[in-house]
$ cat model-v3.txt   # compact mmCIF, N, CA and C atoms
# COMPACT_ATOMS: atom_id res chain seq x y z
N MET T 21 25.61 -23.64 -24.02
CA MET T 21 25.81 -23.51 -22.58
C MET T 21 26.87 -22.42 -22.33
N SER T 22 26.60 -21.59 -21.34
CA SER T 22 27.50 -20.49 -21.01
C SER T 22 28.75 -21.02 -20.31
N ASP T 23 29.89 -20.41 -20.61
CA ASP T 23 31.11 -20.84 -19.91
C ASP T 23 31.36 -19.96 -18.68
N LYS T 24 30.45 -19.03 -18.42
CA LYS T 24 30.57 -18.18 -17.24
C LYS T 24 30.13 -18.97 -16.02
N LYS T 25 31.03 -19.14 -15.08
CA LYS T 25 30.70 -19.93 -13.90
C LYS T 25 29.90 -19.11 -12.90
N THR T 26 29.11 -19.81 -12.13
CA THR T 26 28.39 -19.20 -11.02
C THR T 26 29.38 -19.01 -9.88
N ILE T 27 29.43 -17.79 -9.36
CA ILE T 27 30.40 -17.46 -8.31
C ILE T 27 29.73 -17.49 -6.94
N VAL T 28 30.35 -18.23 -6.03
CA VAL T 28 29.91 -18.30 -4.65
C VAL T 28 31.01 -17.68 -3.79
N LEU T 29 30.62 -16.72 -2.94
CA LEU T 29 31.56 -16.16 -1.97
C LEU T 29 31.36 -16.90 -0.67
N LEU T 30 32.42 -17.52 -0.18
CA LEU T 30 32.40 -18.27 1.07
C LEU T 30 33.13 -17.45 2.13
N VAL T 31 32.39 -17.01 3.15
CA VAL T 31 32.99 -16.22 4.23
C VAL T 31 33.00 -17.10 5.47
N GLU T 32 34.15 -17.68 5.75
CA GLU T 32 34.30 -18.69 6.82
C GLU T 32 35.70 -18.58 7.39
N ASP T 33 35.82 -18.41 8.71
CA ASP T 33 37.14 -18.25 9.32
C ASP T 33 37.82 -19.57 9.67
N GLU T 34 37.08 -20.66 9.71
CA GLU T 34 37.70 -21.97 9.96
C GLU T 34 38.29 -22.45 8.63
N ARG T 35 39.59 -22.30 8.49
CA ARG T 35 40.24 -22.53 7.19
C ARG T 35 40.08 -23.96 6.66
N LEU T 36 40.17 -24.96 7.53
CA LEU T 36 40.01 -26.34 7.05
C LEU T 36 38.60 -26.57 6.52
N LEU T 37 37.61 -26.07 7.24
CA LEU T 37 36.23 -26.19 6.78
C LEU T 37 36.03 -25.42 5.48
N SER T 38 36.59 -24.23 5.42
CA SER T 38 36.48 -23.42 4.21
C SER T 38 37.05 -24.15 3.00
N LYS T 39 38.22 -24.74 3.17
CA LYS T 39 38.86 -25.46 2.05
C LYS T 39 37.99 -26.65 1.62
N ALA T 40 37.42 -27.37 2.60
CA ALA T 40 36.59 -28.53 2.28
C ALA T 40 35.33 -28.11 1.51
N ILE T 41 34.69 -27.03 1.97
CA ILE T 41 33.48 -26.54 1.28
C ILE T 41 33.86 -26.04 -0.11
N LYS T 42 34.97 -25.32 -0.19
CA LYS T 42 35.42 -24.79 -1.49
C LYS T 42 35.64 -25.92 -2.49
N ARG T 43 36.35 -26.96 -2.06
CA ARG T 43 36.61 -28.10 -2.96
C ARG T 43 35.31 -28.73 -3.43
N LYS T 44 34.37 -28.92 -2.51
CA LYS T 44 33.11 -29.56 -2.84
C LYS T 44 32.30 -28.68 -3.81
N LEU T 45 32.28 -27.39 -3.61
CA LEU T 45 31.56 -26.48 -4.52
C LEU T 45 32.23 -26.45 -5.89
N GLU T 46 33.56 -26.43 -5.91
CA GLU T 46 34.27 -26.42 -7.20
C GLU T 46 34.00 -27.70 -7.97
N LYS T 47 33.96 -28.84 -7.27
CA LYS T 47 33.61 -30.10 -7.94
C LYS T 47 32.19 -30.04 -8.51
N GLY T 48 31.35 -29.24 -7.87
CA GLY T 48 29.98 -29.06 -8.33
C GLY T 48 29.85 -28.04 -9.45
N GLY T 49 30.99 -27.48 -9.90
CA GLY T 49 30.98 -26.57 -11.03
C GLY T 49 30.94 -25.09 -10.69
N PHE T 50 31.05 -24.76 -9.42
CA PHE T 50 31.02 -23.36 -9.01
C PHE T 50 32.43 -22.77 -8.94
N GLU T 51 32.52 -21.48 -9.17
CA GLU T 51 33.75 -20.74 -8.88
C GLU T 51 33.59 -20.23 -7.46
N VAL T 52 34.61 -20.39 -6.61
CA VAL T 52 34.50 -20.03 -5.21
C VAL T 52 35.53 -18.98 -4.84
N LEU T 53 35.04 -17.91 -4.24
CA LEU T 53 35.91 -16.88 -3.66
C LEU T 53 35.88 -17.11 -2.15
N GLU T 54 37.03 -17.04 -1.51
CA GLU T 54 37.10 -17.24 -0.07
C GLU T 54 37.45 -15.94 0.64
N ALA T 55 36.81 -15.75 1.79
CA ALA T 55 37.17 -14.67 2.70
C ALA T 55 37.18 -15.27 4.10
N PHE T 56 38.16 -14.86 4.91
CA PHE T 56 38.34 -15.48 6.22
C PHE T 56 37.95 -14.57 7.38
N ASP T 57 37.47 -13.36 7.09
CA ASP T 57 36.91 -12.50 8.13
C ASP T 57 35.83 -11.63 7.50
N GLY T 58 35.04 -11.00 8.35
CA GLY T 58 33.90 -10.24 7.86
C GLY T 58 34.26 -9.04 6.99
N GLY T 59 35.33 -8.35 7.35
CA GLY T 59 35.74 -7.19 6.56
C GLY T 59 36.15 -7.59 5.15
N GLU T 60 36.94 -8.65 5.07
CA GLU T 60 37.38 -9.20 3.79
C GLU T 60 36.17 -9.69 2.98
N GLY T 61 35.22 -10.31 3.68
CA GLY T 61 34.02 -10.84 3.02
C GLY T 61 33.17 -9.73 2.42
N LEU T 62 32.96 -8.66 3.18
CA LEU T 62 32.16 -7.55 2.68
C LEU T 62 32.83 -6.90 1.48
N ALA T 63 34.14 -6.67 1.57
CA ALA T 63 34.88 -6.06 0.46
C ALA T 63 34.79 -6.93 -0.79
N ALA T 64 34.96 -8.24 -0.63
CA ALA T 64 34.89 -9.15 -1.78
C ALA T 64 33.50 -9.16 -2.39
N ALA T 65 32.47 -9.17 -1.54
CA ALA T 65 31.09 -9.19 -2.04
C ALA T 65 30.79 -7.94 -2.86
N LEU T 66 31.15 -6.78 -2.32
CA LEU T 66 30.82 -5.53 -3.00
C LEU T 66 31.65 -5.30 -4.25
N GLU T 67 32.85 -5.87 -4.28
CA GLU T 67 33.71 -5.72 -5.45
C GLU T 67 33.39 -6.75 -6.54
N LYS T 68 33.20 -8.00 -6.15
CA LYS T 68 33.08 -9.10 -7.12
C LYS T 68 31.64 -9.45 -7.50
N HIS T 69 30.67 -9.02 -6.68
CA HIS T 69 29.25 -9.34 -6.94
C HIS T 69 29.01 -10.82 -7.24
N PRO T 70 29.28 -11.68 -6.25
CA PRO T 70 29.04 -13.11 -6.47
C PRO T 70 27.55 -13.39 -6.65
N ASN T 71 27.24 -14.58 -7.18
CA ASN T 71 25.84 -14.96 -7.37
C ASN T 71 25.17 -15.36 -6.06
N LEU T 72 26.00 -15.75 -5.07
CA LEU T 72 25.47 -16.18 -3.78
C LEU T 72 26.57 -16.02 -2.74
N VAL T 73 26.17 -15.73 -1.49
CA VAL T 73 27.13 -15.63 -0.38
C VAL T 73 26.79 -16.71 0.65
N LEU T 74 27.80 -17.52 0.99
CA LEU T 74 27.71 -18.49 2.09
C LEU T 74 28.43 -17.83 3.26
N LEU T 75 27.72 -17.58 4.34
CA LEU T 75 28.22 -16.69 5.38
C LEU T 75 28.16 -17.31 6.77
N ASP T 76 29.30 -17.30 7.46
CA ASP T 76 29.35 -17.68 8.86
C ASP T 76 28.93 -16.47 9.68
N ILE T 77 28.47 -16.68 10.92
CA ILE T 77 28.07 -15.57 11.79
C ILE T 77 29.24 -15.12 12.66
N VAL T 78 29.93 -16.08 13.28
CA VAL T 78 31.03 -15.74 14.19
C VAL T 78 32.31 -15.63 13.37
N LEU T 79 32.71 -14.38 13.15
CA LEU T 79 33.88 -14.09 12.31
C LEU T 79 34.75 -13.03 12.98
N PRO T 80 36.05 -13.06 12.72
CA PRO T 80 36.90 -11.95 13.19
C PRO T 80 36.65 -10.69 12.36
N VAL T 81 37.07 -9.56 12.88
CA VAL T 81 37.00 -8.23 12.27
C VAL T 81 35.56 -7.70 12.24
N MET T 82 34.66 -8.42 11.59
CA MET T 82 33.25 -8.02 11.51
C MET T 82 32.41 -9.29 11.52
N ASP T 83 31.43 -9.36 12.43
CA ASP T 83 30.61 -10.57 12.48
C ASP T 83 29.67 -10.64 11.28
N GLY T 84 29.13 -11.84 11.05
CA GLY T 84 28.30 -12.07 9.88
C GLY T 84 27.03 -11.26 9.84
N VAL T 85 26.44 -10.97 11.01
CA VAL T 85 25.20 -10.18 11.04
C VAL T 85 25.50 -8.74 10.61
N THR T 86 26.61 -8.17 11.08
CA THR T 86 27.01 -6.82 10.66
C THR T 86 27.33 -6.80 9.17
N LEU T 87 28.04 -7.82 8.69
CA LEU T 87 28.34 -7.93 7.26
C LEU T 87 27.03 -7.95 6.47
N LEU T 88 26.07 -8.73 6.92
CA LEU T 88 24.79 -8.82 6.25
C LEU T 88 24.07 -7.47 6.23
N ASP T 89 24.10 -6.76 7.35
CA ASP T 89 23.49 -5.42 7.41
C ASP T 89 24.12 -4.49 6.37
N ARG T 90 25.44 -4.49 6.31
CA ARG T 90 26.15 -3.61 5.37
C ARG T 90 25.88 -4.02 3.93
N LEU T 91 25.81 -5.32 3.69
CA LEU T 91 25.53 -5.85 2.36
C LEU T 91 24.14 -5.40 1.90
N ARG T 92 23.17 -5.49 2.78
CA ARG T 92 21.79 -5.13 2.44
C ARG T 92 21.61 -3.63 2.23
N GLU T 93 22.56 -2.80 2.69
CA GLU T 93 22.50 -1.35 2.46
C GLU T 93 22.92 -1.01 1.03
N ASP T 94 23.63 -1.90 0.38
CA ASP T 94 24.13 -1.68 -0.97
C ASP T 94 23.05 -2.02 -2.00
N GLU T 95 23.00 -1.23 -3.08
CA GLU T 95 22.00 -1.45 -4.14
C GLU T 95 22.06 -2.88 -4.69
N TRP T 96 23.26 -3.34 -5.01
CA TRP T 96 23.41 -4.71 -5.50
C TRP T 96 23.18 -5.71 -4.37
N GLY T 97 23.76 -5.43 -3.21
CA GLY T 97 23.77 -6.38 -2.09
C GLY T 97 22.42 -6.64 -1.46
N LYS T 98 21.45 -5.75 -1.68
CA LYS T 98 20.16 -5.98 -1.02
C LYS T 98 19.41 -7.17 -1.60
N ASN T 99 19.80 -7.63 -2.79
CA ASN T 99 19.10 -8.75 -3.42
C ASN T 99 19.91 -10.02 -3.57
N VAL T 100 21.19 -9.99 -3.23
CA VAL T 100 22.01 -11.20 -3.42
C VAL T 100 21.55 -12.30 -2.46
N PRO T 101 21.41 -13.53 -2.95
CA PRO T 101 21.05 -14.63 -2.05
C PRO T 101 22.16 -14.89 -1.03
N VAL T 102 21.74 -15.08 0.23
CA VAL T 102 22.69 -15.36 1.30
C VAL T 102 22.23 -16.61 2.05
N ILE T 103 23.16 -17.52 2.26
CA ILE T 103 22.92 -18.69 3.09
C ILE T 103 23.85 -18.59 4.29
N ILE T 104 23.26 -18.60 5.47
CA ILE T 104 24.07 -18.61 6.69
C ILE T 104 24.49 -20.05 6.96
N LEU T 105 25.77 -20.23 7.25
CA LEU T 105 26.32 -21.54 7.61
C LEU T 105 27.06 -21.33 8.92
N SER T 106 26.41 -21.70 10.04
CA SER T 106 26.95 -21.33 11.34
C SER T 106 26.81 -22.44 12.36
N ASN T 107 27.58 -22.34 13.43
CA ASN T 107 27.40 -23.24 14.57
C ASN T 107 26.33 -22.72 15.52
N LEU T 108 25.95 -21.44 15.36
CA LEU T 108 24.94 -20.86 16.23
C LEU T 108 23.57 -21.38 15.82
N SER T 109 22.89 -22.00 16.76
CA SER T 109 21.59 -22.58 16.43
C SER T 109 20.47 -22.02 17.29
N ASP T 110 20.74 -20.91 18.01
CA ASP T 110 19.68 -20.37 18.85
C ASP T 110 18.62 -19.67 17.99
N ALA T 111 17.40 -19.76 18.43
CA ALA T 111 16.26 -19.28 17.65
C ALA T 111 16.35 -17.78 17.34
N SER T 112 16.85 -16.97 18.28
CA SER T 112 16.89 -15.53 18.05
C SER T 112 17.87 -15.17 16.93
N THR T 113 19.00 -15.85 16.86
CA THR T 113 19.97 -15.59 15.79
C THR T 113 19.38 -16.00 14.44
N ILE T 114 18.72 -17.14 14.40
CA ILE T 114 18.10 -17.61 13.16
C ILE T 114 17.00 -16.64 12.73
N GLU T 115 16.17 -16.21 13.67
CA GLU T 115 15.06 -15.29 13.36
C GLU T 115 15.61 -13.95 12.86
N GLU T 116 16.62 -13.42 13.53
CA GLU T 116 17.23 -12.15 13.13
C GLU T 116 17.77 -12.24 11.71
N SER T 117 18.42 -13.35 11.40
CA SER T 117 18.97 -13.54 10.06
C SER T 117 17.86 -13.57 9.00
N LYS T 118 16.80 -14.29 9.30
CA LYS T 118 15.69 -14.38 8.34
C LYS T 118 15.02 -13.02 8.14
N ASP T 119 14.96 -12.22 9.21
CA ASP T 119 14.40 -10.86 9.10
C ASP T 119 15.24 -10.00 8.17
N LYS T 120 16.52 -10.33 8.04
CA LYS T 120 17.44 -9.55 7.19
C LYS T 120 17.50 -10.11 5.77
N GLY T 121 16.61 -11.01 5.44
CA GLY T 121 16.53 -11.50 4.07
C GLY T 121 17.45 -12.64 3.73
N VAL T 122 17.83 -13.42 4.73
CA VAL T 122 18.66 -14.60 4.46
C VAL T 122 17.78 -15.68 3.84
N ASN T 123 18.30 -16.33 2.81
CA ASN T 123 17.53 -17.36 2.11
C ASN T 123 17.44 -18.65 2.91
N SER T 124 18.52 -19.05 3.57
CA SER T 124 18.54 -20.27 4.37
C SER T 124 19.50 -20.10 5.53
N TYR T 125 19.25 -20.87 6.59
CA TYR T 125 20.12 -20.86 7.75
C TYR T 125 20.49 -22.30 8.04
N LEU T 126 21.73 -22.65 7.81
CA LEU T 126 22.18 -24.02 8.00
C LEU T 126 23.09 -24.10 9.22
N VAL T 127 22.79 -25.01 10.13
CA VAL T 127 23.66 -25.25 11.27
C VAL T 127 24.71 -26.27 10.82
N LYS T 128 25.98 -25.88 10.91
CA LYS T 128 27.09 -26.67 10.36
C LYS T 128 27.03 -28.15 10.74
N THR T 129 26.74 -28.43 12.00
CA THR T 129 26.78 -29.82 12.46
C THR T 129 25.65 -30.67 11.89
N ASP T 130 24.62 -30.02 11.34
CA ASP T 130 23.45 -30.74 10.82
C ASP T 130 23.55 -31.06 9.33
N TRP T 131 24.58 -30.56 8.65
CA TRP T 131 24.63 -30.65 7.19
C TRP T 131 25.91 -31.30 6.71
N LYS T 132 25.78 -32.19 5.73
CA LYS T 132 26.95 -32.77 5.06
C LYS T 132 27.32 -31.84 3.90
N LEU T 133 28.56 -31.91 3.43
CA LEU T 133 29.01 -31.03 2.35
C LEU T 133 28.16 -31.17 1.09
N ASP T 134 27.78 -32.39 0.74
CA ASP T 134 26.93 -32.58 -0.46
C ASP T 134 25.60 -31.85 -0.31
N GLU T 135 25.08 -31.84 0.91
CA GLU T 135 23.80 -31.17 1.16
C GLU T 135 23.95 -29.65 1.07
N VAL T 136 25.10 -29.14 1.48
CA VAL T 136 25.35 -27.70 1.36
C VAL T 136 25.37 -27.31 -0.13
N VAL T 137 26.04 -28.11 -0.94
CA VAL T 137 26.10 -27.84 -2.39
C VAL T 137 24.68 -27.89 -2.98
N ALA T 138 23.89 -28.88 -2.57
CA ALA T 138 22.51 -28.99 -3.06
C ALA T 138 21.70 -27.77 -2.64
N LYS T 139 21.90 -27.26 -1.43
CA LYS T 139 21.18 -26.09 -0.94
C LYS T 139 21.59 -24.84 -1.74
N VAL T 140 22.87 -24.74 -2.07
CA VAL T 140 23.34 -23.62 -2.90
C VAL T 140 22.64 -23.67 -4.26
N ARG T 141 22.61 -24.84 -4.88
CA ARG T 141 21.93 -25.00 -6.19
C ARG T 141 20.45 -24.61 -6.10
N GLU T 142 19.78 -25.12 -5.07
CA GLU T 142 18.35 -24.87 -4.90
C GLU T 142 18.09 -23.37 -4.70
N THR T 143 18.92 -22.73 -3.88
CA THR T 143 18.76 -21.30 -3.61
C THR T 143 18.96 -20.47 -4.85
N LEU T 144 19.97 -20.80 -5.64
CA LEU T 144 20.24 -20.07 -6.88
C LEU T 144 19.10 -20.26 -7.88
N LYS T 145 18.55 -21.46 -7.94
CA LYS T 145 17.45 -21.75 -8.84
C LYS T 145 16.20 -20.96 -8.48
N ASN T 146 15.98 -20.76 -7.18
CA ASN T 146 14.77 -20.11 -6.69
C ASN T 146 14.90 -18.61 -6.51
N SER T 147 16.09 -18.05 -6.78
CA SER T 147 16.26 -16.61 -6.55
C SER T 147 16.28 -15.82 -7.83

$ encode --input "model-v3.txt" --output "structure tokens"
Amino acid sequence: MSDKKTIVLLVEDERLLSKAIKRKLEKGGFEVLEAFDGGEGLAAALEKHPNLVLLDIVLPVMDGVTLLDRLREDEWGKNVPVIILSNLSDASTIEESKDKGVNSYLVKTDWKLDEVVAKVRETLKNS
């Protein structure tokens, strides 16, 4: 078994939620990088090349949709699995995200932390 951990980049500006998701992912065996705004998230993604990005839409500095656009322009970033984790549940935002190659769109209020970890595992397995 490899000792190289799977890296998840969590881009979430709500710090308490970010810490809770990070703890749950780490308990699940993942290494977690945190970014609290879109600019920081994009820089971390392009520098660290995580195995998956968990991305909020409403972020300071750069919103998640813009971050996703910039990520998809990069040779590495065009194929990295991305799961949106947002409070925005309107159909147009979800559709726009899926058009940009998002693997899943999770509305925060609809998902428990264990289910988020399971979705990360499933997405990594299928990508």

$ closest_residue --input "model-v3.txt" --among "T:Ala64, T:Asp130, T:Ser106, T:Asn71" --to "T:Lys145" --atoms "only C-alpha atoms"
T:Asn71

$ residues_around --input "model-v3.txt" --residues "T:Gly59" --least-positions-apart "5" --cutoff "12 Å" --atoms "only C-alpha atoms" --output "mmCIF file with N, CA and C atoms, in the coordinates of the input"
data_model
loop_
_atom_site.group_PDB
_atom_site.id
_atom_site.type_symbol
_atom_site.label_atom_id
_atom_site.label_comp_id
_atom_site.auth_asym_id
_atom_site.auth_seq_id
_atom_site.Cartn_x
_atom_site.Cartn_y
_atom_site.Cartn_z
ATOM 1 N N VAL T 31 32.390 -17.010 3.150
ATOM 2 C CA VAL T 31 32.990 -16.220 4.230
ATOM 3 C C VAL T 31 33.000 -17.100 5.470
ATOM 4 N N GLU T 32 34.150 -17.680 5.750
ATOM 5 C CA GLU T 32 34.300 -18.690 6.820
ATOM 6 C C GLU T 32 35.700 -18.580 7.390
ATOM 7 N N ASP T 33 35.820 -18.410 8.710
ATOM 8 C CA ASP T 33 37.140 -18.250 9.320
ATOM 9 C C ASP T 33 37.820 -19.570 9.670
ATOM 10 N N ALA T 64 34.960 -8.240 -0.630
ATOM 11 C CA ALA T 64 34.890 -9.150 -1.780
ATOM 12 C C ALA T 64 33.500 -9.160 -2.390
ATOM 13 N N ALA T 65 32.470 -9.170 -1.540
ATOM 14 C CA ALA T 65 31.090 -9.190 -2.040
ATOM 15 C C ALA T 65 30.790 -7.940 -2.860
ATOM 16 N N LEU T 66 31.150 -6.780 -2.320
ATOM 17 C CA LEU T 66 30.820 -5.530 -3.000
ATOM 18 C C LEU T 66 31.650 -5.300 -4.250
ATOM 19 N N LEU T 79 32.710 -14.380 13.150
ATOM 20 C CA LEU T 79 33.880 -14.090 12.310
ATOM 21 C C LEU T 79 34.750 -13.030 12.980
ATOM 22 N N PRO T 80 36.050 -13.060 12.720
ATOM 23 C CA PRO T 80 36.900 -11.950 13.190
ATOM 24 C C PRO T 80 36.650 -10.690 12.360
ATOM 25 N N VAL T 81 37.070 -9.560 12.880
ATOM 26 C CA VAL T 81 37.000 -8.230 12.270
ATOM 27 C C VAL T 81 35.560 -7.700 12.240
ATOM 28 N N MET T 82 34.660 -8.420 11.590
ATOM 29 C CA MET T 82 33.250 -8.020 11.510
ATOM 30 C C MET T 82 32.410 -9.290 11.520
ATOM 31 N N ASP T 83 31.430 -9.360 12.430
ATOM 32 C CA ASP T 83 30.610 -10.570 12.480
ATOM 33 C C ASP T 83 29.670 -10.640 11.280
ATOM 34 N N GLY T 84 29.130 -11.840 11.050
ATOM 35 C CA GLY T 84 28.300 -12.070 9.880
ATOM 36 C C GLY T 84 27.030 -11.260 9.840
ATOM 37 N N VAL T 85 26.440 -10.970 11.010
ATOM 38 C CA VAL T 85 25.200 -10.180 11.040
ATOM 39 C C VAL T 85 25.500 -8.740 10.610
ATOM 40 N N THR T 86 26.610 -8.170 11.080
ATOM 41 C CA THR T 86 27.010 -6.820 10.660
ATOM 42 C C THR T 86 27.330 -6.800 9.170
ATOM 43 N N LEU T 87 28.040 -7.820 8.690
ATOM 44 C CA LEU T 87 28.340 -7.930 7.260
ATOM 45 C C LEU T 87 27.030 -7.950 6.470
ATOM 46 N N LEU T 88 26.070 -8.730 6.920
ATOM 47 C CA LEU T 88 24.790 -8.820 6.250
ATOM 48 C C LEU T 88 24.070 -7.470 6.230
ATOM 49 N N ARG T 90 25.440 -4.490 6.310
ATOM 50 C CA ARG T 90 26.150 -3.610 5.370
ATOM 51 C C ARG T 90 25.880 -4.020 3.930
ATOM 52 N N LEU T 91 25.810 -5.320 3.690
ATOM 53 C CA LEU T 91 25.530 -5.850 2.360
ATOM 54 C C LEU T 91 24.140 -5.400 1.900
#

$ atom_distance --input "model-v3.txt" --atom1 "atom CA of T:Lys39" --atom2 "atom CA of T:Ser124"
21.1 Å

$ closest_residue --input "model-v3.txt" --among "T:Gly121, T:Lys128, T:Leu37, T:Val52" --to "T:Val102" --atoms "only C-alpha atoms"
T:Gly121

$ select_by_dssp --input "model-v3.txt" --residues "stretch 75-147 of chain T" --states "strand (DSSP E)" --output "PyMOL selection string"
chain T and resi 75+102-106+124-127

$ closest_residue --input "model-v3.txt" --among "T:Leu36, T:Val137, T:Ile77, T:Lys132" --to "T:Leu108" --atoms "all atoms listed in the file"
T:Ile77

$ atom_distance --input "model-v3.txt" --atom1 "atom N of T:Pro101" --atom2 "atom C of T:His69"
9.1 Å

$ select_by_dssp --input "model-v3.txt" --residues "stretch 23-146 of chain T" --states "alpha helix (DSSP H)" --output "ChimeraX atom specification"
/T:35-47,58-68,84-93,111-119,133-146

$ closest_residue --input "model-v3.txt" --among "T:Val78, T:Val28, T:Ala111, T:Leu72" --to "T:Thr143" --atoms "only C-alpha atoms"
T:Leu72

$ atom_distance --input "model-v3.txt" --atom1 "atom CA of T:Thr26" --atom2 "atom CA of T:Leu53"
10.8 Å
